[in-house]
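Visitor: The structure file work-v1.cif (mmCIF, C-alpha atoms) is provided below.
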```
data_target
loop_
_atom_site.label_atom_id
_atom_site.label_comp_id
_atom_site.auth_asym_id
_atom_site.auth_seq_id
_atom_site.Cartn_x
_atom_site.Cartn_y
_atom_site.Cartn_z
CA MET A 1 -8.72 -23.47 -3.76
CA GLY A 2 -11.43 -23.04 -1.14
CA ILE A 3 -11.16 -21.66 2.37
CA THR A 4 -13.00 -22.39 5.61
CA GLN A 5 -14.18 -19.81 8.12
CA GLU A 6 -11.55 -21.13 10.52
CA GLN A 7 -8.81 -20.58 7.94
CA LEU A 8 -10.18 -17.13 7.16
CA GLN A 9 -10.04 -16.19 10.82
CA ALA A 10 -6.48 -17.49 11.02
CA LEU A 11 -5.50 -15.19 8.15
CA LYS A 12 -7.12 -12.22 9.89
CA ASP A 13 -5.24 -13.02 13.07
CA ARG A 14 -2.00 -13.44 11.11
CA ALA A 15 -2.42 -9.96 9.65
CA ARG A 16 -3.08 -8.57 13.14
CA ARG A 17 0.07 -10.17 14.52
CA MET A 18 2.05 -8.92 11.55
CA ARG A 19 0.88 -5.38 12.30
CA ILE A 20 2.05 -5.78 15.89
CA ASP A 21 5.54 -6.86 14.81
CA ILE A 22 5.75 -4.16 12.13
CA LEU A 23 5.01 -1.45 14.68
CA LYS A 24 7.39 -2.86 17.30
CA ALA A 25 10.21 -2.91 14.74
CA LEU A 26 9.46 0.61 13.51
CA SER A 27 9.20 2.05 17.02
CA GLY A 28 12.40 0.32 18.05
CA CYS A 29 14.49 1.94 15.35
CA GLY A 30 12.63 5.27 15.37
CA SER A 31 12.29 5.52 11.58
CA GLY A 32 10.61 3.86 8.63
CA HIS A 33 7.31 3.69 6.84
CA THR A 34 4.28 2.98 9.00
CA GLY A 35 1.22 3.88 6.92
CA GLY A 36 1.85 1.85 3.78
CA SER A 37 3.16 -1.15 5.69
CA LEU A 38 -0.07 -1.38 7.68
CA SER A 39 -2.38 -0.72 4.73
CA ALA A 40 -1.02 -3.67 2.71
CA ALA A 41 -0.76 -6.16 5.59
CA ASP A 42 -3.99 -8.01 4.83
CA MET A 43 -3.27 -8.65 1.15
CA VAL A 44 0.31 -9.76 1.88
CA ALA A 45 -0.84 -12.08 4.67
CA ALA A 46 -3.28 -13.69 2.24
CA LEU A 47 -0.56 -14.13 -0.36
CA TYR A 48 1.94 -15.82 1.95
CA PHE A 49 -0.41 -17.85 4.12
CA TYR A 50 -3.12 -18.77 1.64
CA LYS A 51 -2.06 -18.47 -1.96
CA MET A 52 1.67 -18.60 -2.72
CA LYS A 53 3.93 -21.64 -3.06
CA TYR A 54 7.38 -21.32 -1.45
CA ASP A 55 9.84 -23.14 0.78
CA PRO A 56 11.56 -20.98 3.43
CA LYS A 57 14.24 -23.65 3.84
CA LYS A 58 14.99 -23.41 0.12
CA PRO A 59 14.45 -19.74 -0.82
CA ASP A 60 15.71 -20.38 -4.36
CA TRP A 61 13.42 -23.38 -4.95
CA LYS A 62 12.54 -23.33 -8.64
CA GLY A 63 8.92 -24.25 -7.97
CA ARG A 64 8.22 -21.16 -5.90
CA ASP A 65 5.85 -18.35 -6.76
CA ASN A 66 7.49 -14.92 -6.84
CA PHE A 67 6.57 -11.90 -4.74
CA ILE A 68 7.74 -8.43 -5.73
CA LEU A 69 7.19 -5.55 -3.31
CA SER A 70 7.34 -2.77 -5.88
CA LYS A 71 6.58 -0.17 -3.18
CA GLY A 72 9.84 -1.06 -1.49
CA HIS A 73 9.53 1.57 1.24
CA ALA A 74 7.02 -0.81 2.89
CA ALA A 75 10.00 -3.03 3.71
CA PRO A 76 8.88 -3.55 7.34
CA LEU A 77 5.87 -5.41 5.98
CA LEU A 78 8.00 -7.63 3.74
CA TYR A 79 10.48 -8.40 6.52
CA THR A 80 7.69 -9.25 8.94
CA VAL A 81 5.86 -11.61 6.60
CA LEU A 82 9.14 -13.34 5.68
CA ALA A 83 9.93 -13.81 9.36
CA HIS A 84 6.43 -15.17 10.05
CA ALA A 85 6.79 -17.51 7.06
CA GLY A 86 10.03 -18.97 8.44
CA PHE A 87 12.69 -17.39 6.23
CA PHE A 88 14.57 -16.07 9.27
CA ASP A 89 14.19 -15.76 13.04
CA PRO A 90 11.50 -13.19 13.97
CA ALA A 91 13.84 -11.92 16.70
CA GLU A 92 15.86 -10.30 13.91
CA LEU A 93 13.00 -7.88 13.27
CA CYS A 94 14.26 -5.78 16.17
CA THR A 95 17.37 -4.97 14.11
CA LEU A 96 15.36 -3.01 11.50
CA ARG A 97 17.43 -0.16 10.04
CA ARG A 98 20.28 -0.77 12.51
CA LEU A 99 23.87 -0.43 11.34
CA GLY A 100 24.97 -3.76 9.87
CA SER A 101 21.46 -5.25 9.84
CA ARG A 102 20.15 -7.28 6.91
CA LEU A 103 16.87 -5.43 7.37
CA GLN A 104 17.73 -2.23 5.57
CA GLY A 105 15.42 0.70 4.86
CA HIS A 106 14.60 -0.92 1.52
CA PRO A 107 14.74 -4.65 0.68
CA ASP A 108 18.14 -6.03 -0.32
CA SER A 109 18.02 -9.29 -2.26
CA LYS A 110 21.75 -9.89 -1.85
CA HIS A 111 21.59 -10.32 1.90
CA LEU A 112 18.11 -11.47 2.95
CA PRO A 113 16.56 -14.80 1.89
CA GLY A 114 13.10 -14.49 0.41
CA VAL A 115 13.67 -11.07 -1.15
CA GLU A 116 13.42 -11.62 -4.90
CA ILE A 117 14.70 -8.19 -5.96
CA SER A 118 15.97 -5.02 -4.31
CA THR A 119 13.20 -2.42 -4.58
CA GLY A 120 12.70 1.17 -3.58
CA SER A 121 12.95 3.14 -6.81
CA LEU A 122 9.23 3.38 -7.47
CA GLY A 123 7.74 2.19 -10.73
CA GLN A 124 10.17 -0.63 -11.46
CA GLY A 125 8.65 -3.65 -9.72
CA LEU A 126 6.05 -4.50 -12.34
CA SER A 127 8.73 -4.63 -15.04
CA VAL A 128 10.66 -7.15 -12.92
CA ALA A 129 7.46 -9.14 -12.41
CA ASN A 130 6.93 -9.19 -16.19
CA GLY A 131 10.40 -10.66 -16.69
CA LEU A 132 9.79 -13.39 -14.15
CA ALA A 133 6.41 -14.23 -15.66
CA LEU A 134 7.93 -14.44 -19.14
CA ALA A 135 10.73 -16.66 -17.84
CA HIS A 136 8.25 -19.06 -16.25
CA ARG A 137 6.37 -19.23 -19.54
CA LEU A 138 9.55 -20.02 -21.46
CA ASP A 139 10.30 -22.76 -18.94
CA LYS A 140 6.72 -24.05 -19.29
CA ALA A 141 6.53 -23.78 -15.50
CA PRO A 142 3.31 -23.27 -13.50
CA ASN A 143 4.84 -20.64 -11.18
CA ARG A 144 2.88 -17.45 -10.61
CA VAL A 145 4.17 -13.92 -9.98
CA TYR A 146 2.61 -11.39 -7.60
CA ALA A 147 3.53 -7.71 -7.37
CA VAL A 148 2.27 -5.15 -4.85
CA LEU A 149 2.24 -1.54 -6.05
CA GLY A 150 1.24 1.67 -4.29
CA ASP A 151 -1.37 3.98 -5.80
CA GLY A 152 1.05 6.92 -5.69
CA GLU A 153 3.48 4.70 -7.55
CA LEU A 154 1.03 4.59 -10.46
CA GLN A 155 2.18 8.15 -11.24
CA GLU A 156 5.36 6.59 -12.65
CA GLY A 157 5.28 6.15 -16.42
CA GLN A 158 7.22 2.89 -16.30
CA VAL A 159 4.26 1.26 -14.56
CA TRP A 160 2.10 1.83 -17.62
CA GLU A 161 4.80 0.69 -20.02
CA ALA A 162 4.98 -2.51 -17.99
CA ALA A 163 1.18 -2.77 -17.98
CA MET A 164 1.15 -2.59 -21.78
CA THR A 165 3.90 -5.18 -22.01
CA ALA A 166 2.13 -7.64 -19.72
CA ALA A 167 -1.10 -7.38 -21.71
CA HIS A 168 0.74 -7.65 -25.03
CA TYR A 169 2.39 -10.91 -23.98
CA LYS A 170 -0.81 -12.17 -22.34
CA LEU A 171 0.91 -12.87 -19.03
CA ASP A 172 -1.89 -14.71 -17.28
CA ASN A 173 0.59 -15.99 -14.67
CA LEU A 174 0.99 -12.42 -13.37
CA CYS A 175 -1.15 -10.71 -10.73
CA ALA A 176 -0.65 -7.11 -9.59
CA LEU A 177 -2.20 -5.89 -6.34
CA ILE A 178 -2.61 -2.13 -5.99
CA ASP A 179 -2.57 -0.76 -2.44
CA ASN A 180 -5.06 2.04 -3.08
CA ASN A 181 -4.90 3.90 0.24
CA GLY A 182 -5.22 7.36 -1.31
CA LEU A 183 -2.19 8.93 0.39
CA GLN A 184 1.46 9.41 -0.50
CA ILE A 185 4.32 11.21 1.22
CA ASP A 186 3.35 14.65 -0.14
CA GLY A 187 -0.37 14.35 0.59
CA PRO A 188 -3.53 12.92 -1.01
CA VAL A 189 -2.79 11.14 -4.28
CA ALA A 190 -5.72 12.97 -5.87
CA LYS A 191 -4.06 16.33 -5.17
CA VAL A 192 -0.44 15.41 -5.94
CA MET A 193 -1.35 13.77 -9.27
CA GLY A 194 -4.64 11.94 -9.54
CA VAL A 195 -4.55 8.37 -10.81
CA GLU A 196 -8.27 7.58 -10.82
CA PRO A 197 -10.17 5.91 -12.36
CA ILE A 198 -7.68 3.16 -11.50
CA THR A 199 -9.95 0.23 -12.33
CA ASP A 200 -10.92 1.61 -15.73
CA LYS A 201 -7.30 2.39 -16.59
CA TRP A 202 -6.06 -1.13 -15.92
CA ARG A 203 -8.95 -2.56 -17.91
CA SER A 204 -8.21 -0.22 -20.80
CA PHE A 205 -4.64 -1.55 -20.82
CA GLY A 206 -5.97 -5.07 -21.38
CA TRP A 207 -5.95 -6.47 -17.84
CA GLU A 208 -8.61 -8.45 -16.00
CA VAL A 209 -9.46 -6.29 -12.98
CA PHE A 210 -11.09 -6.97 -9.63
CA ASP A 211 -11.97 -4.02 -7.37
CA ILE A 212 -12.21 -5.04 -3.71
CA ASP A 213 -12.08 -3.93 -0.09
CA GLY A 214 -8.41 -4.52 0.66
CA HIS A 215 -9.11 -5.20 4.34
CA ASP A 216 -11.86 -7.78 3.81
CA MET A 217 -9.97 -11.06 3.94
CA GLY A 218 -12.82 -12.93 2.30
CA GLN A 219 -12.77 -10.58 -0.69
CA ILE A 220 -8.97 -10.79 -0.93
CA VAL A 221 -8.80 -14.58 -1.06
CA ALA A 222 -11.75 -14.74 -3.46
CA ALA A 223 -10.04 -12.29 -5.82
CA LEU A 224 -6.79 -14.27 -5.66
CA ASP A 225 -8.70 -17.45 -6.51
CA LYS A 226 -10.43 -15.74 -9.44
CA ALA A 227 -7.06 -14.49 -10.70
CA ASP A 228 -5.88 -18.10 -10.95
CA ALA A 229 -8.67 -18.83 -13.40
CA VAL A 230 -8.01 -15.89 -15.74
CA LYS A 231 -6.56 -16.97 -19.08
CA GLY A 232 -4.93 -14.90 -21.81
CA LYS A 233 -4.37 -11.70 -19.84
CA PRO A 234 -2.75 -10.47 -16.60
CA THR A 235 -4.84 -9.67 -13.53
CA ALA A 236 -4.91 -6.55 -11.38
CA ILE A 237 -6.59 -6.51 -7.98
CA VAL A 238 -7.36 -2.94 -6.92
CA CYS A 239 -7.41 -3.10 -3.12
CA ARG A 240 -9.23 -0.14 -1.56
CA THR A 241 -7.34 0.33 1.69
CA VAL A 242 -6.78 2.75 4.58
CA LYS A 243 -3.35 4.18 5.25
CA GLY A 244 -2.19 3.02 8.68
CA LYS A 245 -5.01 0.45 8.93
CA GLY A 246 -5.47 -1.23 12.29
CA VAL A 247 -4.60 1.61 14.65
CA SER A 248 -6.82 4.68 15.03
CA LEU A 249 -3.82 6.94 15.68
CA PHE A 250 -2.43 6.24 12.22
CA GLU A 251 -5.46 5.55 10.04
CA GLY A 252 -5.88 7.96 7.15
CA LYS A 253 -3.07 10.25 8.32
CA VAL A 254 -0.47 11.21 5.74
CA GLU A 255 2.04 12.26 8.40
CA TYR A 256 2.59 8.58 9.22
CA HIS A 257 3.60 7.70 5.67
CA GLY A 258 7.27 7.81 6.61
CA ALA A 259 7.22 8.27 10.39
CA ALA A 260 7.65 5.60 13.05
CA PRO A 261 5.43 5.44 16.15
CA SER A 262 6.78 6.81 19.41
CA LYS A 263 6.88 4.59 22.48
CA GLU A 264 3.68 6.23 23.72
CA GLU A 265 1.95 5.69 20.37
CA LEU A 266 3.18 2.11 20.29
CA ALA A 267 1.55 1.45 23.66
CA VAL A 268 -1.80 2.71 22.35
CA ALA A 269 -1.41 0.66 19.18
CA MET A 270 -0.62 -2.54 21.06
CA LYS A 271 -3.73 -2.13 23.16
CA GLU A 272 -5.93 -1.65 20.11
CA LEU A 273 -4.42 -4.55 18.21
CA ASP A 274 -4.56 -6.92 21.17
CA GLU A 275 -8.21 -6.06 21.76
CA ALA A 276 -9.01 -6.80 18.11
CA VAL A 277 -8.49 -10.53 18.64
CA CYS A 278 -11.50 -10.64 20.99
CA LYS A 279 -13.93 -9.05 18.53
#
```
As structure tokens, how would this structure be written, given the file I've shared?
Guide:
Amino acid sequence: MGITQEQLQALKDRARRMRIDILKALSGCGSGHTGGSLSAADMVAALYFYKMKYDPKKPDWKGRDNFILSKGHAAPLLYTVLAHAGFFDPAELCTLRRLGSRLQGHPDSKHLPGVEISTGSLGQGLSVANGLALAHRLDKAPNRVYAVLGDGELQEGQVWEAAMTAAHYKLDNLCALIDNNGLQIDGPVAKVMGVEPITDKWRSFGWEVFDIDGHDMGQIVAALDKADAVKGKPTAIVCRTVKGKGVSLFEGKVEYHGAAPSKEELAVAMKELDEAVCK
């Protein structure tokens, strides 16, 4: 699956507009996770608007690819991409974390179309992805499964049990993307509990691994295309990212892991993001 420069630019602009909507929703409710939602926006935009098969009018379509947001606290990102993809009216994004809203602090598969599984307890998403990949194999179906994990999440032992399982069963219809932004709620991942060398670890567990710049859209789509061609083993794409990417106020700052932008900060962010389209 090739891509033109025009399509590549459209993906970049999609990610920019997703960041705008993420920040508006977060600022509106005054709570939520800013940093990790922004850092993974490029890879998720590429998945939904370049790579994955789905039908927003038929969320349970059997031919769909599956997306698992294992780092469920980045729910604003998932809600925004689902809205952009047509699963529900983007106007609903302004109800984020409101009483009675379908857009809860963590994704709820029972109430929102497009959410495959409720996530939030870190470390569990890859196990769910394994189950889906195995089911597709049993059905002899071509569906693929994509899971986005945080680098802090790799501190969870269940992740590595799932990594062993995927390699053992040779789940070549499974692709994990690691949002390696280097920060978690308690500080730098390297200080809380180091997980490097991430690339070497995934390879040692029997995975095909691509190590890329997680904000370079060309590298992201190329890695996703290469993952399609891998046979006999699962694929991990280690995306080197920046927490809070896209807005200088938030970039690389751990304090915005779980804090929403103020109205004043939102105004600065909107100016920066709007200017980006002209560059």
Visitor: So which one's closest to A:Ser109, A:Tyr48, A:Tyr79, A:Tyr146, A:Phe250? Using only C-alpha atoms, please.
Guide: A:Tyr79
Visitor: Tell me which of A:Leu99, A:Leu132, A:Leu174, A:Ala85 sits closest to A:Ala236, counting all atoms listed in the file.
Guide: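 Ranking A:Leu99, A:Leu132, A:Leu174, A:Ala85 by distance to A:Ala236, first place goes to A:Leu174.
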Visitor: Could you state which residues are captured by the PyMOL selection byres ((chain A and resi 208) around 9) in this file, as a PDB file with C-alpha atoms, in the frame of the given file?
Guide:
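Below is the file result.pdb, written as the result:
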```pdb
ATOM      1  CA  TRP A 202      -6.060  -1.130 -15.920  1.00  0.00           C
ATOM      2  CA  ARG A 203      -8.950  -2.560 -17.910  1.00  0.00           C
ATOM      3  CA  GLY A 206      -5.970  -5.070 -21.380  1.00  0.00           C
ATOM      4  CA  TRP A 207      -5.950  -6.470 -17.840  1.00  0.00           C
ATOM      5  CA  VAL A 209      -9.460  -6.290 -12.980  1.00  0.00           C
ATOM      6  CA  PHE A 210     -11.090  -6.970  -9.630  1.00  0.00           C
ATOM      7  CA  ALA A 227      -7.060 -14.490 -10.700  1.00  0.00           C
ATOM      8  CA  VAL A 230      -8.010 -15.890 -15.740  1.00  0.00           C
ATOM      9  CA  LYS A 233      -4.370 -11.700 -19.840  1.00  0.00           C
ATOM     10  CA  PRO A 234      -2.750 -10.470 -16.600  1.00  0.00           C
ATOM     11  CA  THR A 235      -4.840  -9.670 -13.530  1.00  0.00           C
ATOM     12  CA  ALA A 236      -4.910  -6.550 -11.380  1.00  0.00           C
ATOM     13  CA  ILE A 237      -6.590  -6.510  -7.980  1.00  0.00           C
TER      14      ILE A 237
END
```
Visitor: What is the distance, in Å and to one decimal place, between atom CA of A:Arg14 and atom CA of A:Leu224?
Guide: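 Going from atom CA of A:Arg14 over to atom CA of A:Leu224 covers 17.5 Å.
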Visitor: Mind telling me what the PyMOL selection byres ((chain A and resi 23) around 10) catches here, as a list in words?
Guide: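 Matching residues under the PyMOL selection byres ((chain A and resi 23) around 10) are Met18, Arg19, Ile20, Asp21, Ile22, Lys24, Ala25, Leu26, Ser27, Gly28, Gly32, His33, Thr34, Ser37, Leu38, Pro76, Leu77, Ala260, Pro261, Ser262, Glu265, Leu266, Ala269 and Met270 of chain A.
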Visitor: Taking all atoms of stretch 38-48 of chain A that the file lists and extending 4 Å past them on each side, where is the centre of the axis-aligned box and how long are its edges? Answer in Å to one decimal, as AutoDock Vina command-line options.
Guide:
```
--center_x -1.0 --center_y -8.3 --center_z 3.7 --size_x 13.9 --size_y 23.1 --size_z 16.0
```
Visitor: What would the selection look like, as a ChimeraX atom specification, if the PyMOL selection byres ((chain A and resi 98) around 12) were run on the coordinates I just shared?
Guide: /A:25-26,28-32,92-97,99-105
Visitor: Separation of atom CA of A:Gly36 and atom CA of A:Gly244, in Å?
Guide: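 Going from atom CA of A:Gly36 over to atom CA of A:Gly244 covers 6.5 Å.
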